[in-house]
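Below is the file final-v7.pdb, which contains PDB, C-alpha atoms, pLDDT in the B column.
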ATOM      1  CA  MET N   1     111.634 124.347  64.591  1.00 36.00           C
ATOM      2  CA  SER N   2     109.686 124.270  61.334  1.00 50.00           C
ATOM      3  CA  ASN N   3     105.925 123.978  61.095  1.00 56.00           C
ATOM      4  CA  TYR N   4     106.429 120.276  60.399  1.00 62.00           C
ATOM      5  CA  LEU N   5     106.404 118.372  63.647  1.00 61.00           C
ATOM      6  CA  PHE N   6     109.176 115.934  62.736  1.00 65.00           C
ATOM      7  CA  GLU N   7     112.259 115.958  60.555  1.00 67.00           C
ATOM      8  CA  SER N   8     113.465 112.367  60.968  1.00 68.00           C
ATOM      9  CA  ASP N   9     112.048 108.885  61.393  1.00 67.00           C
ATOM     10  CA  GLU N  10     113.013 108.942  65.068  1.00 65.00           C
ATOM     11  CA  GLU N  11     111.167 112.230  65.628  1.00 67.00           C
ATOM     12  CA  PHE N  12     108.123 110.856  63.822  1.00 71.00           C
ATOM     13  CA  LYS N  13     107.990 107.828  66.111  1.00 65.00           C
ATOM     14  CA  PHE N  14     108.506 110.083  69.130  1.00 61.00           C
ATOM     15  CA  PHE N  15     105.889 112.717  68.310  1.00 64.00           C
ATOM     16  CA  MET N  16     103.228 110.881  66.290  1.00 71.00           C
ATOM     17  CA  GLY N  17     104.008 107.243  65.681  1.00 65.00           C
ATOM     18  CA  ASN N  18     103.334 106.238  69.288  1.00 74.00           C
ATOM     19  CA  THR N  19     100.055 108.126  69.684  1.00 86.00           C
ATOM     20  CA  LEU N  20      96.645 106.490  69.765  1.00 85.00           C
ATOM     21  CA  ALA N  21      95.199 109.165  67.452  1.00 88.00           C
ATOM     22  CA  TYR N  22      97.757 108.487  64.712  1.00 90.00           C
ATOM     23  CA  ASN N  23      97.569 104.719  65.036  1.00 92.00           C
ATOM     24  CA  ASN N  24      93.765 104.749  64.893  1.00 94.00           C
ATOM     25  CA  MET N  25      93.887 106.993  61.832  1.00 95.00           C
ATOM     26  CA  GLN N  26      96.387 104.733  60.093  1.00 96.00           C
ATOM     27  CA  ASN N  27      94.420 101.592  60.987  1.00 97.00           C
ATOM     28  CA  MET N  28      91.210 103.006  59.536  1.00 97.00           C
ATOM     29  CA  VAL N  29      92.984 104.185  56.382  1.00 98.00           C
ATOM     30  CA  SER N  30      94.380 100.657  56.041  1.00 98.00           C
ATOM     31  CA  LYS N  31      90.850  99.212  56.142  1.00 98.00           C
ATOM     32  CA  LEU N  32      89.574 101.709  53.587  1.00 98.00           C
ATOM     33  CA  VAL N  33      92.447 101.052  51.191  1.00 98.00           C
ATOM     34  CA  SER N  34      91.845  97.303  51.485  1.00 97.00           C
ATOM     35  CA  PHE N  35      88.199  97.942  50.573  1.00 96.00           C
ATOM     36  CA  ILE N  36      88.938 100.234  47.613  1.00 97.00           C
ATOM     37  CA  LYS N  37      91.721  97.959  46.305  1.00 97.00           C
ATOM     38  CA  PRO N  38      93.449 100.582  44.144  1.00 97.00           C
ATOM     39  CA  GLN N  39      95.867  99.423  41.485  1.00 97.00           C
ATOM     40  CA  TYR N  40      97.678 102.751  41.705  1.00 97.00           C
ATOM     41  CA  MET N  41      97.518 105.358  44.476  1.00 98.00           C
ATOM     42  CA  VAL N  42      99.341 108.511  45.581  1.00 98.00           C
ATOM     43  CA  GLU N  43      99.991 109.679  49.138  1.00 97.00           C
ATOM     44  CA  PHE N  44     100.643 113.402  49.508  1.00 97.00           C
ATOM     45  CA  GLY N  45     102.612 114.377  52.617  1.00 94.00           C
ATOM     46  CA  SER N  46     104.039 110.907  53.171  1.00 94.00           C
ATOM     47  CA  GLY N  47     106.652 112.020  55.727  1.00 91.00           C
ATOM     48  CA  SER N  48     108.984 109.208  56.730  1.00 89.00           C
ATOM     49  CA  GLY N  49     106.874 106.747  54.750  1.00 94.00           C
ATOM     50  CA  ALA N  50     105.247 104.869  57.640  1.00 93.00           C
ATOM     51  CA  THR N  51     101.791 104.740  56.088  1.00 96.00           C
ATOM     52  CA  SER N  52     102.827 104.192  52.455  1.00 97.00           C
ATOM     53  CA  ILE N  53     105.168 101.365  53.454  1.00 96.00           C
ATOM     54  CA  ARG N  54     102.493  99.711  55.579  1.00 97.00           C
ATOM     55  CA  LEU N  55      99.944  99.981  52.757  1.00 98.00           C
ATOM     56  CA  ALA N  56     102.474  98.605  50.269  1.00 97.00           C
ATOM     57  CA  LYS N  57     103.065  95.565  52.484  1.00 97.00           C
ATOM     58  CA  GLU N  58      99.355  94.962  52.968  1.00 98.00           C
ATOM     59  CA  ASN N  59      98.430  95.550  49.314  1.00 97.00           C
ATOM     60  CA  PRO N  60     101.140  94.013  47.121  1.00 97.00           C
ATOM     61  CA  GLN N  61      98.905  94.461  44.067  1.00 96.00           C
ATOM     62  CA  THR N  62      98.906  98.254  44.567  1.00 98.00           C
ATOM     63  CA  SER N  63     101.559 100.553  43.126  1.00 97.00           C
ATOM     64  CA  ILE N  64     102.076 103.495  45.502  1.00 98.00           C
ATOM     65  CA  VAL N  65     103.753 106.848  44.916  1.00 97.00           C
ATOM     66  CA  ALA N  66     104.625 108.608  48.182  1.00 97.00           C
ATOM     67  CA  VAL N  67     105.161 112.371  47.816  1.00 97.00           C
ATOM     68  CA  ASP N  68     106.720 114.759  50.320  1.00 94.00           C
ATOM     69  CA  LEU N  69     108.104 118.285  50.040  1.00 93.00           C
ATOM     70  CA  ARG N  70     111.114 117.491  52.225  1.00 91.00           C
ATOM     71  CA  GLU N  71     113.949 115.741  50.403  1.00 92.00           C
ATOM     72  CA  LYS N  72     115.276 114.401  53.693  1.00 91.00           C
ATOM     73  CA  MET N  73     112.023 112.605  54.469  1.00 90.00           C
ATOM     74  CA  VAL N  74     111.809 111.234  50.927  1.00 94.00           C
ATOM     75  CA  GLY N  75     115.275 109.747  51.421  1.00 94.00           C
ATOM     76  CA  ILE N  76     114.279 108.197  54.742  1.00 91.00           C
ATOM     77  CA  GLY N  77     111.210 106.573  53.196  1.00 93.00           C
ATOM     78  CA  ALA N  78     113.182 105.274  50.227  1.00 95.00           C
ATOM     79  CA  ASP N  79     115.847 103.794  52.524  1.00 94.00           C
ATOM     80  CA  LYS N  80     113.222 102.073  54.692  1.00 92.00           C
ATOM     81  CA  SER N  81     111.421 100.550  51.722  1.00 93.00           C
ATOM     82  CA  SER N  82     114.724  99.383  50.218  1.00 93.00           C
ATOM     83  CA  LYS N  83     115.868  97.759  53.473  1.00 93.00           C
ATOM     84  CA  ASN N  84     112.527  95.967  53.757  1.00 91.00           C
ATOM     85  CA  LYS N  85     112.673  94.943  50.068  1.00 93.00           C
ATOM     86  CA  ILE N  86     109.349  96.611  49.303  1.00 95.00           C
ATOM     87  CA  LYS N  87     109.173  97.185  45.560  1.00 94.00           C
ATOM     88  CA  ASN N  88     105.631  98.546  45.052  1.00 97.00           C
ATOM     89  CA  VAL N  89     106.200 101.968  46.657  1.00 97.00           C
ATOM     90  CA  THR N  90     108.190 104.848  45.157  1.00 96.00           C
ATOM     91  CA  PHE N  91     109.187 107.958  47.111  1.00 96.00           C
ATOM     92  CA  VAL N  92     109.150 111.269  45.261  1.00 96.00           C
ATOM     93  CA  ASN N  93     110.123 114.802  46.244  1.00 95.00           C
ATOM     94  CA  GLY N  94     107.305 117.139  45.228  1.00 94.00           C
ATOM     95  CA  ASP N  95     104.820 119.864  46.119  1.00 92.00           C
ATOM     96  CA  LEU N  96     101.227 118.664  46.535  1.00 89.00           C
ATOM     97  CA  THR N  97      99.898 122.032  45.379  1.00 88.00           C
ATOM     98  CA  LYS N  98     101.451 121.475  41.928  1.00 91.00           C
ATOM     99  CA  LEU N  99      99.205 118.625  40.856  1.00 92.00           C
ATOM    100  CA  GLY N 100     100.115 118.907  37.189  1.00 88.00           C
ATOM    101  CA  ASN N 101     103.464 117.293  38.056  1.00 90.00           C
ATOM    102  CA  PHE N 102     101.784 114.005  38.993  1.00 91.00           C
ATOM    103  CA  ASN N 103      99.980 111.295  37.057  1.00 89.00           C
ATOM    104  CA  LEU N 104      96.634 111.394  38.852  1.00 95.00           C
ATOM    105  CA  LYS N 105      94.407 110.270  35.967  1.00 95.00           C
ATOM    106  CA  ASN N 106      95.525 106.686  36.570  1.00 95.00           C
ATOM    107  CA  ALA N 107      95.254 106.908  40.362  1.00 97.00           C
ATOM    108  CA  SER N 108      92.286 105.136  41.917  1.00 97.00           C
ATOM    109  CA  LEU N 109      93.059 106.772  45.257  1.00 98.00           C
ATOM    110  CA  ILE N 110      94.755 109.915  46.586  1.00 98.00           C
ATOM    111  CA  LEU N 111      95.613 109.897  50.302  1.00 98.00           C
ATOM    112  CA  MET N 112      96.395 112.795  52.637  1.00 98.00           C
ATOM    113  CA  MET N 113      97.032 112.045  56.316  1.00 96.00           C
ATOM    114  CA  TYR N 114      97.607 115.117  58.483  1.00 94.00           C
ATOM    115  CA  SER N 115      98.882 117.053  55.445  1.00 95.00           C
ATOM    116  CA  PHE N 116      95.797 119.023  54.347  1.00 97.00           C
ATOM    117  CA  ARG N 117      96.609 121.472  57.163  1.00 95.00           C
ATOM    118  CA  TYR N 118      99.724 122.675  55.339  1.00 95.00           C
ATOM    119  CA  ILE N 119      97.845 124.234  52.411  1.00 96.00           C
ATOM    120  CA  ALA N 120      98.314 127.881  53.314  1.00 95.00           C
ATOM    121  CA  ASP N 121      95.690 130.569  53.849  1.00 96.00           C
ATOM    122  CA  PRO N 122      93.507 132.056  52.578  1.00 96.00           C
ATOM    123  CA  VAL N 123      91.102 129.122  52.962  1.00 96.00           C
ATOM    124  CA  GLN N 124      90.182 129.653  49.314  1.00 97.00           C
ATOM    125  CA  ASN N 125      93.497 127.934  48.567  1.00 97.00           C
ATOM    126  CA  LYS N 126      92.102 124.708  50.020  1.00 98.00           C
ATOM    127  CA  TYR N 127      89.016 125.025  47.829  1.00 98.00           C
ATOM    128  CA  ASP N 128      91.206 125.669  44.781  1.00 97.00           C
ATOM    129  CA  PHE N 129      93.379 122.660  45.659  1.00 97.00           C
ATOM    130  CA  LEU N 130      90.359 120.342  45.909  1.00 98.00           C
ATOM    131  CA  LYS N 131      88.967 121.723  42.643  1.00 98.00           C
ATOM    132  CA  ASP N 132      92.325 121.183  40.935  1.00 97.00           C
ATOM    133  CA  LEU N 133      92.503 117.683  42.415  1.00 97.00           C
ATOM    134  CA  TYR N 134      88.994 116.915  41.141  1.00 98.00           C
ATOM    135  CA  ASP N 135      89.930 118.110  37.648  1.00 97.00           C
ATOM    136  CA  HIS N 136      93.057 115.908  37.572  1.00 96.00           C
ATOM    137  CA  MET N 137      91.275 112.756  38.807  1.00 97.00           C
ATOM    138  CA  SER N 138      89.360 110.148  36.830  1.00 97.00           C
ATOM    139  CA  LYS N 139      85.689 109.471  37.432  1.00 97.00           C
ATOM    140  CA  GLY N 140      85.148 106.846  40.123  1.00 98.00           C
ATOM    141  CA  SER N 141      88.435 107.523  41.938  1.00 98.00           C
ATOM    142  CA  TYR N 142      88.668 108.390  45.631  1.00 98.00           C
ATOM    143  CA  VAL N 143      90.320 110.918  47.936  1.00 98.00           C
ATOM    144  CA  ILE N 144      90.940 110.082  51.600  1.00 98.00           C
ATOM    145  CA  ILE N 145      91.698 113.046  53.860  1.00 98.00           C
ATOM    146  CA  GLY N 146      92.533 112.231  57.486  1.00 97.00           C
ATOM    147  CA  GLU N 147      92.933 115.395  59.506  1.00 97.00           C
ATOM    148  CA  THR N 148      92.310 117.294  62.733  1.00 95.00           C
ATOM    149  CA  PHE N 149      89.470 119.773  62.298  1.00 96.00           C
ATOM    150  CA  ILE N 150      88.532 122.821  64.369  1.00 94.00           C
ATOM    151  CA  ASP N 151      85.090 124.070  65.371  1.00 89.00           C
ATOM    152  CA  GLU N 152      83.254 126.359  62.979  1.00 84.00           C
ATOM    153  CA  ASN N 153      83.911 130.046  63.778  1.00 86.00           C
ATOM    154  CA  ALA N 154      85.846 129.081  66.923  1.00 89.00           C
ATOM    155  CA  SER N 155      87.763 131.743  68.819  1.00 93.00           C
ATOM    156  CA  LYS N 156      91.532 131.515  69.245  1.00 94.00           C
ATOM    157  CA  GLN N 157      90.959 130.608  72.884  1.00 94.00           C
ATOM    158  CA  THR N 158      88.656 127.725  71.906  1.00 94.00           C
ATOM    159  CA  ILE N 159      91.076 126.459  69.270  1.00 93.00           C
ATOM    160  CA  ARG N 160      93.980 126.638  71.706  1.00 94.00           C
ATOM    161  CA  LYS N 161      92.008 124.589  74.247  1.00 93.00           C
ATOM    162  CA  GLN N 162      91.133 121.989  71.596  1.00 92.00           C
ATOM    163  CA  LEU N 163      94.738 121.642  70.450  1.00 92.00           C
ATOM    164  CA  GLU N 164      96.027 121.561  74.035  1.00 91.00           C
ATOM    165  CA  ASP N 165      93.620 118.712  74.788  1.00 91.00           C
ATOM    166  CA  ARG N 166      94.801 116.891  71.691  1.00 87.00           C
ATOM    167  CA  TYR N 167      98.492 117.181  72.501  1.00 86.00           C
ATOM    168  CA  TYR N 168      97.841 116.360  76.166  1.00 87.00           C
ATOM    169  CA  ASN N 169      96.208 113.102  75.110  1.00 89.00           C
ATOM    170  CA  ASN N 170      99.101 112.433  72.744  1.00 89.00           C
ATOM    171  CA  SER N 171     101.599 112.993  75.538  1.00 90.00           C
ATOM    172  CA  LYS N 172      99.829 110.377  77.661  1.00 91.00           C
ATOM    173  CA  ASP N 173     100.175 107.915  74.797  1.00 92.00           C
ATOM    174  CA  ILE N 174     103.867 108.824  74.517  1.00 90.00           C
ATOM    175  CA  TYR N 175     104.314 108.078  78.228  1.00 92.00           C
ATOM    176  CA  TRP N 176     102.753 104.617  78.086  1.00 93.00           C
ATOM    177  CA  ALA N 177     104.563 103.743  74.840  1.00 89.00           C
ATOM    178  CA  ASN N 178     107.908 104.480  76.492  1.00 90.00           C
ATOM    179  CA  LEU N 179     107.244 102.857  79.858  1.00 93.00           C
ATOM    180  CA  LYS N 180     109.339  99.684  79.774  1.00 95.00           C
ATOM    181  CA  GLY N 181     108.830  98.528  83.344  1.00 96.00           C
ATOM    182  CA  LEU N 182     108.158  99.621  86.928  1.00 94.00           C
ATOM    183  CA  SER N 183     111.627 100.472  88.104  1.00 96.00           C
ATOM    184  CA  LYS N 184     112.268 104.074  89.135  1.00 95.00           C
ATOM    185  CA  GLU N 185     114.567 104.462  86.128  1.00 96.00           C
ATOM    186  CA  ASP N 186     111.864 103.193  83.718  1.00 95.00           C
ATOM    187  CA  VAL N 187     109.217 105.514  85.134  1.00 96.00           C
ATOM    188  CA  MET N 188     111.502 108.560  85.156  1.00 96.00           C
ATOM    189  CA  ASN N 189     112.593 107.891  81.574  1.00 94.00           C
ATOM    190  CA  ALA N 190     108.976 107.728  80.397  1.00 92.00           C
ATOM    191  CA  LEU N 191     108.149 110.928  82.312  1.00 94.00           C
ATOM    192  CA  THR N 192     111.160 112.711  80.798  1.00 92.00           C
ATOM    193  CA  ILE N 193     110.134 111.780  77.269  1.00 89.00           C
ATOM    194  CA  GLN N 194     106.546 112.812  77.979  1.00 91.00           C
ATOM    195  CA  SER N 195     107.704 116.182  79.336  1.00 90.00           C
ATOM    196  CA  LYS N 196     109.926 116.780  76.308  1.00 86.00           C
ATOM    197  CA  HIS N 197     107.012 115.970  74.006  1.00 86.00           C
ATOM    198  CA  ARG N 198     104.776 118.497  75.774  1.00 87.00           C
ATOM    199  CA  GLU N 199     107.364 121.256  75.656  1.00 84.00           C
ATOM    200  CA  THR N 200     108.146 120.744  72.003  1.00 81.00           C
ATOM    201  CA  THR N 201     104.518 120.619  70.893  1.00 85.00           C
ATOM    202  CA  LYS N 202     103.619 123.884  72.644  1.00 87.00           C
ATOM    203  CA  GLU N 203     105.005 125.689  69.596  1.00 86.00           C
ATOM    204  CA  GLN N 204     102.874 123.520  67.316  1.00 88.00           C
ATOM    205  CA  ILE N 205      99.782 124.630  69.223  1.00 91.00           C
ATOM    206  CA  GLU N 206     100.633 128.309  68.726  1.00 92.00           C
ATOM    207  CA  LEU N 207     101.332 127.767  65.023  1.00 93.00           C
ATOM    208  CA  GLY N 208      97.885 126.260  64.636  1.00 94.00           C
ATOM    209  CA  VAL N 209      96.132 128.907  66.725  1.00 95.00           C
ATOM    210  CA  ASN N 210      97.807 131.779  64.862  1.00 95.00           C
ATOM    211  CA  ARG N 211      97.586 130.076  61.441  1.00 95.00           C
ATOM    212  CA  ASP N 212     101.328 130.405  61.000  1.00 94.00           C
ATOM    213  CA  GLY N 213     102.364 127.447  58.857  1.00 93.00           C
ATOM    214  CA  ILE N 214      99.523 125.197  60.069  1.00 94.00           C
ATOM    215  CA  TYR N 215      96.030 126.010  58.793  1.00 96.00           C
ATOM    216  CA  TYR N 216      93.167 123.982  60.258  1.00 96.00           C
ATOM    217  CA  ILE N 217      89.626 124.119  58.909  1.00 96.00           C
ATOM    218  CA  SER N 218      86.242 122.938  60.180  1.00 96.00           C
ATOM    219  CA  ARG N 219      84.360 119.776  59.270  1.00 96.00           C
ATOM    220  CA  GLU N 220      81.465 122.043  58.271  1.00 96.00           C
ATOM    221  CA  TRP N 221      83.679 123.674  55.656  1.00 97.00           C
ATOM    222  CA  MET N 222      84.427 120.308  54.081  1.00 98.00           C
ATOM    223  CA  PHE N 223      80.777 119.221  54.122  1.00 98.00           C
ATOM    224  CA  GLU N 224      79.776 122.488  52.452  1.00 98.00           C
ATOM    225  CA  ASN N 225      82.516 122.840  49.843  1.00 98.00           C
ATOM    226  CA  ALA N 226      83.420 119.335  48.651  1.00 98.00           C
ATOM    227  CA  PRO N 227      79.970 118.796  47.042  1.00 98.00           C
ATOM    228  CA  LYS N 228      80.170 122.230  45.376  1.00 98.00           C
ATOM    229  CA  ILE N 229      83.266 121.025  43.560  1.00 98.00           C
ATOM    230  CA  GLY N 230      81.506 117.840  42.486  1.00 98.00           C
ATOM    231  CA  PHE N 231      82.716 115.294  45.039  1.00 98.00           C
ATOM    232  CA  GLU N 232      80.399 112.787  46.635  1.00 98.00           C
ATOM    233  CA  ILE N 233      81.121 112.598  50.366  1.00 98.00           C
ATOM    234  CA  VAL N 234      81.177 108.859  51.000  1.00 98.00           C
ATOM    235  CA  LEU N 235      82.412 109.228  54.578  1.00 97.00           C
ATOM    236  CA  GLY N 236      82.962 112.107  56.986  1.00 97.00           C
ATOM    237  CA  GLU N 237      83.135 110.665  60.477  1.00 95.00           C
ATOM    238  CA  ARG N 238      85.093 111.576  63.585  1.00 95.00           C
ATOM    239  CA  LEU N 239      87.598 109.057  64.877  1.00 92.00           C
ATOM    240  CA  ASN N 240      87.769 110.459  68.389  1.00 87.00           C
ATOM    241  CA  SER N 241      86.683 113.270  70.704  1.00 79.00           C
ATOM    242  CA  LEU N 242      89.640 115.380  69.502  1.00 76.00           C
ATOM    243  CA  SER N 243      87.943 116.057  66.123  1.00 87.00           C
ATOM    244  CA  ASP N 244      90.252 113.847  64.104  1.00 94.00           C
ATOM    245  CA  THR N 245      88.094 112.940  61.106  1.00 97.00           C
ATOM    246  CA  ILE N 246      88.397 110.859  57.961  1.00 98.00           C
ATOM    247  CA  PHE N 247      86.729 112.184  54.840  1.00 98.00           C
ATOM    248  CA  VAL N 248      86.338 109.885  51.854  1.00 98.00           C
ATOM    249  CA  LEU N 249      85.473 111.793  48.682  1.00 98.00           C
ATOM    250  CA  LYS N 250      84.550 110.196  45.362  1.00 98.00           C
ATOM    251  CA  LYS N 251      84.553 111.754  41.905  1.00 98.00           C
TER     252      LYS N 251
END

Please express the file's structure as structure tokens.
Amino acid sequence: MSNYLFESDEEFKFFMGNTLAYNNMQNMVSKLVSFIKPQYMVEFGSGSGATSIRLAKENPQTSIVAVDLREKMVGIGADKSSKNKIKNVTFVNGDLTKLGNFNLKNASLILMMYSFRYIADPVQNKYDFLKDLYDHMSKGSYVIIGETFIDENASKQTIRKQLEDRYYNNSKDIYWANLKGLSKEDVMNALTIQSKHRETTKEQIELGVNRDGIYYISREWMFENAPKIGFEIVLGERLNSLSDTIFVLKK
């Protein structure tokens, strides 16, 4: 399995789409986008397109470019938007670390949901990415980063416990999302899906703990470094007890 948790729309719904953490994150991003009212925005790490398509529906005046490194996911997003006759979102195959390939000067908003973690170590790379992003943006534009953050200077044991708690909570959400009724068959089916989710995400925990394809940072790091680059931190609040946080940065 790759460091990406899902490789199809079905896997996305199974692993993330039915979790309270993801839905709360998406709901809050939706509110923020409605407040900012961008004419043009870019989502980096758009995956199967769930968020970009939702935002396109809710904001028909906004032109959205959804970028993902995986051609397969770009195709899935494009197919979904075409089937739903959504014309204000375009799916593009691209690498978020190569910002010169994108027209960001005209973007009022850049969005990253659970994708900042994939900028590889050393952590300086994340600083360099934000600095490059700042340089490519226009004054007054926004960046929204929704991500899971780890504790400052946490040990591997502490990080593992945090991620285990996160995925345990997600697995409970998966169970309730798949429980269709109270028959023995319904209950066993929900338990089977929950068990499969837990087994599969064990590898994701180890990738995050060992910084092998998934590279978490602390909220303190963001609070310290974003202003050094020049960003104003408009928002930096936790969404839940699992350290999922939304940062809103403004140039």

Closest pair table for range 29-62 of chain N residues within 6 Å of range 105-108 of chain N, all atoms listed in the file, as a Markdown table:
| residue | atom | partner | partner_atom | distance |
| --- | --- | --- | --- | --- |
| N:Pro38 | CA | N:Ser108 | CA | 5.2 |
| N:Tyr40 | CA | N:Ala107 | CA | 5.0 |
| N:Met41 | CA | N:Ala107 | CA | 4.9 |

* If you apply the PyMOL selection byres ((chain N and resi 112-125) around 9) to this file, what residues do you get, as a PyMOL selection string? -> chain N and resi 3-4+25-26+29+42-46+51+96-97+110-111+126-130+143-149+208+211-217+246

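Among the candidate residues N:Arg219, N:Lys72, N:His136, N:Arg160, the one lying nearest to Glu237 in chain N is N:Arg219, with distances computed using all atoms listed in the file.
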
* Would you kindly return, as a PyMOL selection string, each protein, DNA or RNA residue with an atom no farther than 12 Å from any atom of Ile233 in chain N, considering only C-alpha atoms and excluding same-chain residues fewer than 5 positions away? => chain N and resi 142-145+219+222-228+246-251

* To do: Point out the residue among N:Gly77, N:Leu133, N:Asp151, N:Lys85 with the least atom-to-atom distance to Gly100 in chain N, counting all atoms listed in the file.
  => N:Leu133

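Residue nearest Gly140 in chain N, chosen from N:Arg166, N:Phe231, N:Ala50, N:Asp186 and counting only C-alpha atoms: N:Phe231.
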
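Take the candidates N:Ile150, N:Ile193, N:Leu104, N:Leu69 and check each one against Ser171 in chain N using only C-alpha atoms; the shortest distance goes to N:Ile193.
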
* **Residue list as a list in words for point (111.4, 98.0, 54.0), cut-off 12 Å, only C-alpha atoms** => Ser48, Gly49, Ala50, Thr51, Ser52, Ile53, Arg54, Leu55, Ala56, Lys57, Ile76, Gly77, Ala78, Asp79, Lys80, Ser81, Ser82, Lys83, Asn84, Lys85, Ile86, Lys87, Asn88, Val89 and Thr90 of chain N

* Structure fact -> From CA of Asn210 in chain N to CA of Gln157 in chain N the spacing works out at 10.6 Å
